[in-house]
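Written below as structure tokens is the structure these notes are about.
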Amino acid sequence: MRVSNLFGKTLRDVPSDADTISHQLLLKAGMIHQIAAGVYAYLPLAWRVHKKIENIIRQEMDAIGGQELLMPTLQPHELWERSGRDLALGQVLLTLADRKERKMVPAPTHEEVVTELARYNIQSYRDMPLLLYQIQTKFRDEPRSRGGLVRVREFAMKDLYTFDTDSDALDVNYKKALQAYKNIYSRCGLDYLVVEADSGAIGGKDSHEFMVVAESGEDEIIFCSKCDYAANEERAVSVRAIPKMEQPLPIEEVFTPGAKTIEDVAAFLGISKNKTLKAVFYIADGDFVFVTIRGDLEVNEIKLKNVLKCADLRMATDDEVKAMGIEAGSASLVGLKGIKSIADDSINMGSNFVVGANKPDYHLSNANYPRDFDVDVITDIALARPGQRCVKCGGKLKSVKGIEVGHVFKLGTVYSEKAGAYYLDKAGEQKPVVMGCYGIGVGRLLASAIEQNHDEKGIVWPVPIAPYHVYLCALSMDRSAEVVSAAESLHRDLADAGVEVLFDDRNESPGVKFNDADLLGMPIRLLVSPKSLSNGGVEVKRRAEKESELVFIDNAVEKIKGLLDNL
RNA sequence: CGGGGUGUGGCGCAGUUGGCUAGCGCGCAUGCUUUGGGAGCAUGAGGUCGGCGGUUCAAGUCCGCCCACCCCGACCA
């Protein structure tokens, strides 16, 4: 490919609405073009990268026995009603109507359809294990797209689905898929973490995310500094320090004028926050919920949502709290009846707590569970924070930001039961198919690769996903017939040797060409100029390094092949 | 959806106490010179100033409504 013919122009100034590095570089390099919020065109260079990533994914999927197929983007809305995910996904689900006013959805994912296929094609335990995958366009009406290709509304996703007879067999496939994913990210030149994750709207049991550590990441990863524990903040658990337990004292009313927050109360009474219990109020699918947690901790709303098994969870408004007859700022479960209540385990981690007295300007001291109040459910609903201790080894927890580049789930029989996907086992007994699903966003992976592989000059593509291997840069072609013939023959010879070359044949100044070479980021720059020729050859430079090396023209192809093998 | 911000040639910006043919840099076209880290000179093309409505003798500039995009939060590959 010749740069003079290449579609897509490099820019000197970065469009002002980009502020994630991968977004800036992709725009500056002329690799993508935005059409609407979260909707992008991939220009030829970026599309080559996309295809390379796809192919790496295909190889790894095929290696674990995956069969590629293609499911439709356009799906009947009823399918989503049957699974209940029309509600679980809410507004993210784009919907449209066909000419007969039938509701359709451009699919955001394919569990529904693939389960439908399984229902039709799996009848016997002999039909499994089965691994089906596709690379296909998803549509999600995201509340907010961001970061260029990091979060978009239309994107190619590789989705793999596994079908097994039981959960042990699912575990086998799950492990295989996990390994395939690790291979994919490594081959794409990414540093990643595998973390425990919440399964969100997809449902199911175990779930892991693959996270690329990046400042621009949207997720917070909690990990242990001593052992291998790592989890998405949404899911992370931690050991909360337990203060010294005291003998229960008689409950007592204390005057706390104007103290409404935990900070106020603790400061006013001169106690630490872990000697208090905090009351927080939520509306879960329309129902009021009274949540209690130790004063020094925060509620993890994802955990809470999972406990409540609700589709929609939000903080209650002041009016809603009042309407329940609750005194915000001085509320507790002591003496309160008939309100749905959930508490964090931490109400048992400590004693003689200060809690609200359910009247303005008063609190109660020495409240103890279960002596003084009742709770419907007690479980872990606390947000794990860095600084707390690891539940596995007691080590100190830390946190980093990450981009989620893959997510795998053990679905179990949630979808198969709803869709009626059953098989007959050896004993002739009818059982639901056990499923797993596994997703990778291709464009997000591409963006993540840039987030991790760039410098101040531009992109530094890892060889396996670089749009081209070599940037052949010829200087002074309009004045030197020698340069022209040397460059042209190198172009041919490299292509013949299977090396992918982007040939900068433009009449631009050296500075322009060098800067574009750095910006576009091919792993090797091959320079042909009157000067290099008079020095006896051509100059080979790795993108990641500063220095170039003079090589005889006849040795150049060999030299480059050697470098590519070792990069 | 809540909060903040921006919309002026392809990109980056100026112009906004209303006033003449709307500017600058980059890019683009043509010519000459130049040629190892974003060259110089000359000539030129390209803009219904996001849209609609209003105020006014006069609107890029003032008022109203709408739209789009970006960022921060609530959500996900």
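Following the order of the structure tokens, chains are lettered A, B, ..., residues in each are numbered from 1, and ligands are numbered from 1.
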
* Asked: Which residues, written as a PyMOL selection string, have at least one atom at most 9 Å from region 18-23 of chain B, with only C-alpha atoms (C1' of nucleotides) counted and residues fewer than 3 positions away on the same chain left out?
  -> chain B and resi 8+14-15+47+49+58-62

Wanna dump the chain B-chain A contacts at 7 Å for me, each residue with its shortest atom pair and the distance in Å to one decimal, counting only C-alpha atoms (C1' of nucleotides), ordered by chain and number, as a Markdown table?
| residue | atom | partner | partner_atom | distance |
| --- | --- | --- | --- | --- |
| B:C11 | C1' | A:Asp13 | CA | 6.0 |
| B:G12 | C1' | A:Asp13 | CA | 5.8 |
| B:U35 | C1' | A:Ser509 | CA | 6.1 |
| B:G36 | C1' | A:Pro510 | CA | 6.1 |
| B:G37 | C1' | A:Gly511 | CA | 4.2 |
| B:G38 | C1' | A:Val512 | CA | 4.8 |
| B:C70 | C1' | A:Asp17 | CA | 5.2 |
| B:C75 | C1' | A:Pro143 | CA | 7.0 |
| B:A77 | C1' | A:Gly441 | CA | 4.2 |

Can you list, as a PyMOL selection string, every protein, DNA or RNA residue that comes within 9 Å of Asp285 (chain A) when you count only C-alpha atoms (C1' of nucleotides), leaving out same-chain residues fewer than 3 positions away? chain A and resi 288+310-314

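Our summary of the geometry notes that CA of Asp62 (chain A) is positioned 27.9 Å from CA of Leu43 (chain A).
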
Nearest to Leu6 (chain A), restricted to only C-alpha atoms and choosing among A:Asn352, A:Asp504, A:Leu424, A:Leu564, comes out as A:Asp504

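Using only C-alpha atoms (C1' of nucleotides), the residues found no farther than 6 Å from region 266-283 of chain A, other than those of its own chain fewer than 4 positions away, are Ile262, Asp287, Phe288, Val289, Phe290, Val291, Thr292, Ile293, Arg294, Gly295, Asp296, Leu313, Arg314, Met315, Ala316, Phe353, Val354 and Val355 of chain A.
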
Can you tell me, as a PDB file with N, CA, C and O atoms (P, O5', C5', C4', C3', O3' and C1' of nucleotides), in the first residue's frame, what residues are no more than 12 Å from G44 (chain B) when counting only C-alpha atoms (C1' of nucleotides), ignoring any on the same chain fewer than 5 positions away?
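Saved to out-v1.pdb:
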ATOM      1  P     C B  28      -1.668  19.554   2.501  1.00  0.00           P
ATOM      2  O5'   C B  28      -2.962  19.997   1.668  1.00  0.00           O
ATOM      3  C5'   C B  28      -4.082  19.136   1.563  1.00  0.00           C
ATOM      4  C4'   C B  28      -5.138  19.782   0.704  1.00  0.00           C
ATOM      5  C3'   C B  28      -4.632  20.336  -0.631  1.00  0.00           C
ATOM      6  O3'   C B  28      -4.521  19.314  -1.601  1.00  0.00           O
ATOM      7  C1'   C B  28      -5.998  21.949   0.419  1.00  0.00           C
ATOM      8  P     A B  29      -3.320  19.336  -2.639  1.00  0.00           P
ATOM      9  O5'   A B  29      -3.815  20.482  -3.645  1.00  0.00           O
ATOM     10  C5'   A B  29      -4.939  20.263  -4.484  1.00  0.00           C
ATOM     11  C4'   A B  29      -5.113  21.454  -5.391  1.00  0.00           C
ATOM     12  C3'   A B  29      -3.832  21.890  -6.109  1.00  0.00           C
ATOM     13  O3'   A B  29      -3.611  21.112  -7.265  1.00  0.00           O
ATOM     14  C1'   A B  29      -4.895  23.771  -5.167  1.00  0.00           C
ATOM     15  P     U B  30      -2.104  20.836  -7.729  1.00  0.00           P
ATOM     16  O5'   U B  30      -1.696  22.252  -8.337  1.00  0.00           O
ATOM     17  C5'   U B  30      -2.304  22.730  -9.534  1.00  0.00           C
ATOM     18  C4'   U B  30      -1.760  24.096  -9.858  1.00  0.00           C
ATOM     19  C3'   U B  30      -0.238  24.215  -9.836  1.00  0.00           C
ATOM     20  O3'   U B  30       0.370  23.723 -11.015  1.00  0.00           O
ATOM     21  C1'   U B  30      -1.187  26.041  -8.671  1.00  0.00           C
ATOM     22  P     G B  31       1.829  23.073 -10.914  1.00  0.00           P
ATOM     23  O5'   G B  31       2.755  24.370 -10.795  1.00  0.00           O
ATOM     24  C5'   G B  31       2.809  25.297 -11.865  1.00  0.00           C
ATOM     25  C4'   G B  31       3.586  26.517 -11.443  1.00  0.00           C
ATOM     26  C3'   G B  31       4.982  26.253 -10.887  1.00  0.00           C
ATOM     27  O3'   G B  31       5.931  26.008 -11.891  1.00  0.00           O
ATOM     28  C1'   G B  31       3.863  27.854  -9.542  1.00  0.00           C
TER      29        G B  31
END

Would you return as an NGL selection string the members of region 299-351 of chain A that DSSP assigns to alpha helix (DSSP H) on this structure's backbone?
:A and (301-308 or 318-323)

task: Can you check which residues of region 289-338 of chain A DSSP gives as strand (DSSP E) on the backbone and send them as a ChimeraX atom specification?
output: /A:289-294,313-315

Those same residues - C-alpha atoms - I'd like them written as a short mmCIF file (atom, residue, chain, number, x, y, z; two decimals), in the first residue's frame.
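Now in out.cif:
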data_model
loop_
_atom_site.label_atom_id
_atom_site.label_comp_id
_atom_site.auth_asym_id
_atom_site.auth_seq_id
_atom_site.Cartn_x
_atom_site.Cartn_y
_atom_site.Cartn_z
CA VAL A 289 -35.86 -0.42 51.53
CA PHE A 290 -34.16 0.55 54.79
CA VAL A 291 -30.44 -0.26 54.61
CA THR A 292 -28.12 -0.32 57.62
CA ILE A 293 -24.35 -0.47 57.55
CA ARG A 294 -21.56 0.41 59.97
CA LEU A 313 -32.40 0.48 42.33
CA ARG A 314 -31.99 4.09 43.31
CA MET A 315 -31.62 6.22 46.38
#

Excluding same-chain residues fewer than 5 positions from C63 (chain B), what lies within 12 Å of it counting only C-alpha atoms (C1' of nucleotides), as an mmCIF file with C-alpha atoms (C1' of nucleotides), in the first residue's frame?
data_model
loop_
_atom_site.group_PDB
_atom_site.id
_atom_site.type_symbol
_atom_site.label_atom_id
_atom_site.label_comp_id
_atom_site.auth_asym_id
_atom_site.auth_seq_id
_atom_site.Cartn_x
_atom_site.Cartn_y
_atom_site.Cartn_z
ATOM 1 C "C1'" G B 53 -38.182 31.927 15.624
ATOM 2 C "C1'" G B 54 -37.942 36.902 17.707
ATOM 3 C "C1'" U B 55 -35.964 42.100 18.817
ATOM 4 C "C1'" U B 56 -33.623 45.904 15.531
#

Neighbouring residues of Lys205 (chain A) were defined as those with any atom within 12 Å, considering only C-alpha atoms (C1' of nucleotides); residues of the same chain fewer than 4 positions away were excluded. Please report them as a PDB file with all heavy atoms, in the first residue's frame.
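New file part-v7.pdb:
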ATOM      1  N   SER A 167     -22.819 -28.862  35.511  1.00  0.00           N
ATOM      2  CA  SER A 167     -21.950 -27.744  35.876  1.00  0.00           C
ATOM      3  C   SER A 167     -20.470 -28.156  35.897  1.00  0.00           C
ATOM      4  O   SER A 167     -19.596 -27.319  35.661  1.00  0.00           O
ATOM      5  CB  SER A 167     -22.373 -27.158  37.215  1.00  0.00           C
ATOM      6  OG  SER A 167     -22.216 -28.107  38.232  1.00  0.00           O
ATOM      7  N   LEU A 170     -19.467 -27.702  32.432  1.00  0.00           N
ATOM      8  CA  LEU A 170     -19.365 -26.260  32.178  1.00  0.00           C
ATOM      9  C   LEU A 170     -18.028 -25.725  32.697  1.00  0.00           C
ATOM     10  O   LEU A 170     -17.357 -24.933  32.024  1.00  0.00           O
ATOM     11  CB  LEU A 170     -20.519 -25.511  32.851  1.00  0.00           C
ATOM     12  CG  LEU A 170     -20.396 -23.980  32.938  1.00  0.00           C
ATOM     13  CD1 LEU A 170     -20.304 -23.364  31.546  1.00  0.00           C
ATOM     14  CD2 LEU A 170     -21.575 -23.383  33.686  1.00  0.00           C
ATOM     15  N   ASP A 171     -17.633 -26.192  33.885  1.00  0.00           N
ATOM     16  CA  ASP A 171     -16.357 -25.744  34.446  1.00  0.00           C
ATOM     17  C   ASP A 171     -15.199 -26.023  33.500  1.00  0.00           C
ATOM     18  O   ASP A 171     -14.283 -25.212  33.369  1.00  0.00           O
ATOM     19  CB  ASP A 171     -16.096 -26.436  35.792  1.00  0.00           C
ATOM     20  CG  ASP A 171     -17.003 -25.882  36.886  1.00  0.00           C
ATOM     21  OD1 ASP A 171     -17.649 -24.841  36.637  1.00  0.00           O
ATOM     22  OD2 ASP A 171     -17.075 -26.501  37.963  1.00  0.00           O
ATOM     23  N   GLU A 196     -12.530 -11.138  39.436  1.00  0.00           N
ATOM     24  CA  GLU A 196     -13.879 -11.603  39.723  1.00  0.00           C
ATOM     25  C   GLU A 196     -14.844 -10.467  39.443  1.00  0.00           C
ATOM     26  O   GLU A 196     -14.544  -9.314  39.730  1.00  0.00           O
ATOM     27  CB  GLU A 196     -13.989 -12.021  41.193  1.00  0.00           C
ATOM     28  CG  GLU A 196     -13.188 -13.261  41.519  1.00  0.00           C
ATOM     29  CD  GLU A 196     -13.301 -13.647  42.984  1.00  0.00           C
ATOM     30  OE1 GLU A 196     -14.187 -13.129  43.686  1.00  0.00           O
ATOM     31  OE2 GLU A 196     -12.475 -14.480  43.417  1.00  0.00           O
ATOM     32  N   ALA A 197     -15.997 -10.822  38.911  1.00  0.00           N
ATOM     33  CA  ALA A 197     -16.906  -9.776  38.465  1.00  0.00           C
ATOM     34  C   ALA A 197     -18.336 -10.081  38.833  1.00  0.00           C
ATOM     35  O   ALA A 197     -18.700 -11.215  39.100  1.00  0.00           O
ATOM     36  CB  ALA A 197     -16.786  -9.623  36.952  1.00  0.00           C
ATOM     37  N   ASP A 198     -19.128  -9.028  38.789  1.00  0.00           N
ATOM     38  CA  ASP A 198     -20.564  -9.179  38.963  1.00  0.00           C
ATOM     39  C   ASP A 198     -21.151  -9.540  37.603  1.00  0.00           C
ATOM     40  O   ASP A 198     -20.656  -9.104  36.573  1.00  0.00           O
ATOM     41  CB  ASP A 198     -21.160  -7.853  39.448  1.00  0.00           C
ATOM     42  CG  ASP A 198     -22.656  -7.962  39.651  1.00  0.00           C
ATOM     43  OD1 ASP A 198     -23.052  -8.588  40.636  1.00  0.00           O
ATOM     44  OD2 ASP A 198     -23.409  -7.450  38.811  1.00  0.00           O
ATOM     45  N   SER A 199     -22.227 -10.337  37.590  1.00  0.00           N
ATOM     46  CA  SER A 199     -22.739 -10.757  36.282  1.00  0.00           C
ATOM     47  C   SER A 199     -23.811  -9.832  35.721  1.00  0.00           C
ATOM     48  O   SER A 199     -24.235 -10.003  34.595  1.00  0.00           O
ATOM     49  CB  SER A 199     -23.232 -12.196  36.340  1.00  0.00           C
ATOM     50  OG  SER A 199     -24.104 -12.366  37.427  1.00  0.00           O
ATOM     51  N   GLY A 200     -24.219  -8.853  36.472  1.00  0.00           N
ATOM     52  CA  GLY A 200     -25.098  -7.814  35.935  1.00  0.00           C
ATOM     53  C   GLY A 200     -26.375  -8.342  35.309  1.00  0.00           C
ATOM     54  O   GLY A 200     -26.952  -9.321  35.785  1.00  0.00           O
ATOM     55  N   ALA A 201     -26.788  -7.682  34.217  1.00  0.00           N
ATOM     56  CA  ALA A 201     -28.068  -8.006  33.594  1.00  0.00           C
ATOM     57  C   ALA A 201     -28.069  -9.374  32.920  1.00  0.00           C
ATOM     58  O   ALA A 201     -29.106  -9.902  32.575  1.00  0.00           O
ATOM     59  CB  ALA A 201     -28.430  -6.928  32.576  1.00  0.00           C
ATOM     60  N   ASN A 306     -28.243  -7.098  43.879  1.00  0.00           N
ATOM     61  CA  ASN A 306     -28.272  -8.556  43.755  1.00  0.00           C
ATOM     62  C   ASN A 306     -29.050  -9.196  44.894  1.00  0.00           C
ATOM     63  O   ASN A 306     -29.785 -10.155  44.683  1.00  0.00           O
ATOM     64  CB  ASN A 306     -26.849  -9.116  43.716  1.00  0.00           C
ATOM     65  CG  ASN A 306     -26.149  -8.774  42.417  1.00  0.00           C
ATOM     66  OD1 ASN A 306     -26.811  -8.493  41.423  1.00  0.00           O
ATOM     67  ND2 ASN A 306     -24.824  -8.796  42.425  1.00  0.00           N
ATOM     68  N   VAL A 408     -16.614 -13.009  31.023  1.00  0.00           N
ATOM     69  CA  VAL A 408     -17.098 -14.376  30.858  1.00  0.00           C
ATOM     70  C   VAL A 408     -18.039 -14.715  32.014  1.00  0.00           C
ATOM     71  O   VAL A 408     -17.842 -14.264  33.132  1.00  0.00           O
ATOM     72  CB  VAL A 408     -15.935 -15.387  30.780  1.00  0.00           C
ATOM     73  CG1 VAL A 408     -15.025 -15.041  29.608  1.00  0.00           C
ATOM     74  CG2 VAL A 408     -15.123 -15.418  32.064  1.00  0.00           C
ATOM     75  N   PHE A 409     -19.065 -15.505  31.700  1.00  0.00           N
ATOM     76  CA  PHE A 409     -20.106 -15.812  32.682  1.00  0.00           C
ATOM     77  C   PHE A 409     -20.454 -17.293  32.664  1.00  0.00           C
ATOM     78  O   PHE A 409     -20.555 -17.883  31.605  1.00  0.00           O
ATOM     79  CB  PHE A 409     -21.428 -15.110  32.338  1.00  0.00           C
ATOM     80  CG  PHE A 409     -21.341 -13.632  32.122  1.00  0.00           C
ATOM     81  CD1 PHE A 409     -20.902 -13.120  30.916  1.00  0.00           C
ATOM     82  CD2 PHE A 409     -21.742 -12.753  33.113  1.00  0.00           C
ATOM     83  CE1 PHE A 409     -20.858 -11.752  30.708  1.00  0.00           C
ATOM     84  CE2 PHE A 409     -21.706 -11.378  32.908  1.00  0.00           C
ATOM     85  CZ  PHE A 409     -21.256 -10.886  31.704  1.00  0.00           C
ATOM     86  N   LYS A 410     -20.666 -17.838  33.838  1.00  0.00           N
ATOM     87  CA  LYS A 410     -21.316 -19.138  33.914  1.00  0.00           C
ATOM     88  C   LYS A 410     -22.804 -18.866  34.022  1.00  0.00           C
ATOM     89  O   LYS A 410     -23.282 -18.432  35.069  1.00  0.00           O
ATOM     90  CB  LYS A 410     -20.832 -19.908  35.140  1.00  0.00           C
ATOM     91  CG  LYS A 410     -19.419 -20.434  35.008  1.00  0.00           C
ATOM     92  CD  LYS A 410     -19.050 -21.275  36.215  1.00  0.00           C
ATOM     93  CE  LYS A 410     -17.571 -21.632  36.166  1.00  0.00           C
ATOM     94  NZ  LYS A 410     -17.130 -22.298  37.401  1.00  0.00           N
ATOM     95  N   LEU A 411     -23.516 -19.106  32.954  1.00  0.00           N
ATOM     96  CA  LEU A 411     -24.937 -18.794  32.966  1.00  0.00           C
ATOM     97  C   LEU A 411     -25.759 -19.846  33.685  1.00  0.00           C
ATOM     98  O   LEU A 411     -26.829 -19.563  34.205  1.00  0.00           O
ATOM     99  CB  LEU A 411     -25.454 -18.666  31.536  1.00  0.00           C
ATOM    100  CG  LEU A 411     -24.900 -17.511  30.707  1.00  0.00           C
ATOM    101  CD1 LEU A 411     -25.431 -17.593  29.297  1.00  0.00           C
ATOM    102  CD2 LEU A 411     -25.280 -16.187  31.336  1.00  0.00           C
ATOM    103  N   GLY A 412     -25.281 -21.077  33.635  1.00  0.00           N
ATOM    104  CA  GLY A 412     -26.081 -22.154  34.214  1.00  0.00           C
ATOM    105  C   GLY A 412     -27.298 -22.441  33.349  1.00  0.00           C
ATOM    106  O   GLY A 412     -27.201 -22.479  32.122  1.00  0.00           O
ATOM    107  N   THR A 413     -28.455 -22.563  33.981  1.00  0.00           N
ATOM    108  CA  THR A 413     -29.650 -22.967  33.228  1.00  0.00           C
ATOM    109  C   THR A 413     -30.692 -21.853  33.145  1.00  0.00           C
ATOM    110  O   THR A 413     -31.843 -22.093  32.812  1.00  0.00           O
ATOM    111  CB  THR A 413     -30.295 -24.193  33.894  1.00  0.00           C
ATOM    112  OG1 THR A 413     -30.595 -23.865  35.268  1.00  0.00           O
ATOM    113  CG2 THR A 413     -29.344 -25.375  33.891  1.00  0.00           C
ATOM    114  N   VAL A 414     -30.255 -20.633  33.479  1.00  0.00           N
ATOM    115  CA  VAL A 414     -31.194 -19.509  33.483  1.00  0.00           C
ATOM    116  C   VAL A 414     -31.909 -19.371  32.139  1.00  0.00           C
ATOM    117  O   VAL A 414     -33.145 -19.284  32.073  1.00  0.00           O
ATOM    118  CB  VAL A 414     -30.456 -18.181  33.772  1.00  0.00           C
ATOM    119  CG1 VAL A 414     -31.453 -17.069  34.037  1.00  0.00           C
ATOM    120  CG2 VAL A 414     -29.517 -18.334  34.950  1.00  0.00           C
ATOM    121  N   VAL A 434     -26.810 -26.645  30.280  1.00  0.00           N
ATOM    122  CA  VAL A 434     -26.042 -25.745  31.147  1.00  0.00           C
ATOM    123  C   VAL A 434     -25.154 -24.862  30.262  1.00  0.00           C
ATOM    124  O   VAL A 434     -24.342 -25.371  29.494  1.00  0.00           O
ATOM    125  CB  VAL A 434     -25.186 -26.544  32.143  1.00  0.00           C
ATOM    126  CG1 VAL A 434     -24.388 -25.596  33.025  1.00  0.00           C
ATOM    127  CG2 VAL A 434     -26.080 -27.432  32.993  1.00  0.00           C
ATOM    128  N   MET A 435     -25.327 -23.558  30.407  1.00  0.00           N
ATOM    129  CA  MET A 435     -24.677 -22.642  29.458  1.00  0.00           C
ATOM    130  C   MET A 435     -23.616 -21.738  30.081  1.00  0.00           C
ATOM    131  O   MET A 435     -23.627 -21.467  31.281  1.00  0.00           O
ATOM    132  CB  MET A 435     -25.736 -21.744  28.800  1.00  0.00           C
ATOM    133  CG  MET A 435     -26.693 -22.494  27.893  1.00  0.00           C
ATOM    134  SD  MET A 435     -28.049 -21.434  27.322  1.00  0.00           S
ATOM    135  CE  MET A 435     -27.149 -20.092  26.544  1.00  0.00           C
ATOM    136  N   GLY A 436     -22.715 -21.283  29.211  1.00  0.00           N
ATOM    137  CA  GLY A 436     -21.762 -20.243  29.588  1.00  0.00           C
ATOM    138  C   GLY A 436     -21.715 -19.235  28.446  1.00  0.00           C
ATOM    139  O   GLY A 436     -21.998 -19.591  27.307  1.00  0.00           O
ATOM    140  N   CYS A 437     -21.374 -17.987  28.724  1.00  0.00           N
ATOM    141  CA  CYS A 437     -21.194 -17.048  27.629  1.00  0.00           C
ATOM    142  C   CYS A 437     -19.974 -16.165  27.882  1.00  0.00           C
ATOM    143  O   CYS A 437     -19.575 -15.945  29.024  1.00  0.00           O
ATOM    144  CB  CYS A 437     -22.442 -16.217  27.385  1.00  0.00           C
ATOM    145  SG  CYS A 437     -22.712 -14.934  28.586  1.00  0.00           S
TER     146      CYS A 437
END

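Take CA of Ile122 (chain A) and CA of Tyr161 (chain A): the distance between them is 13.5 Å.
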
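In this structure, CA of Asp168 (chain A) sits 25.8 Å away from CA of Val391 (chain A).
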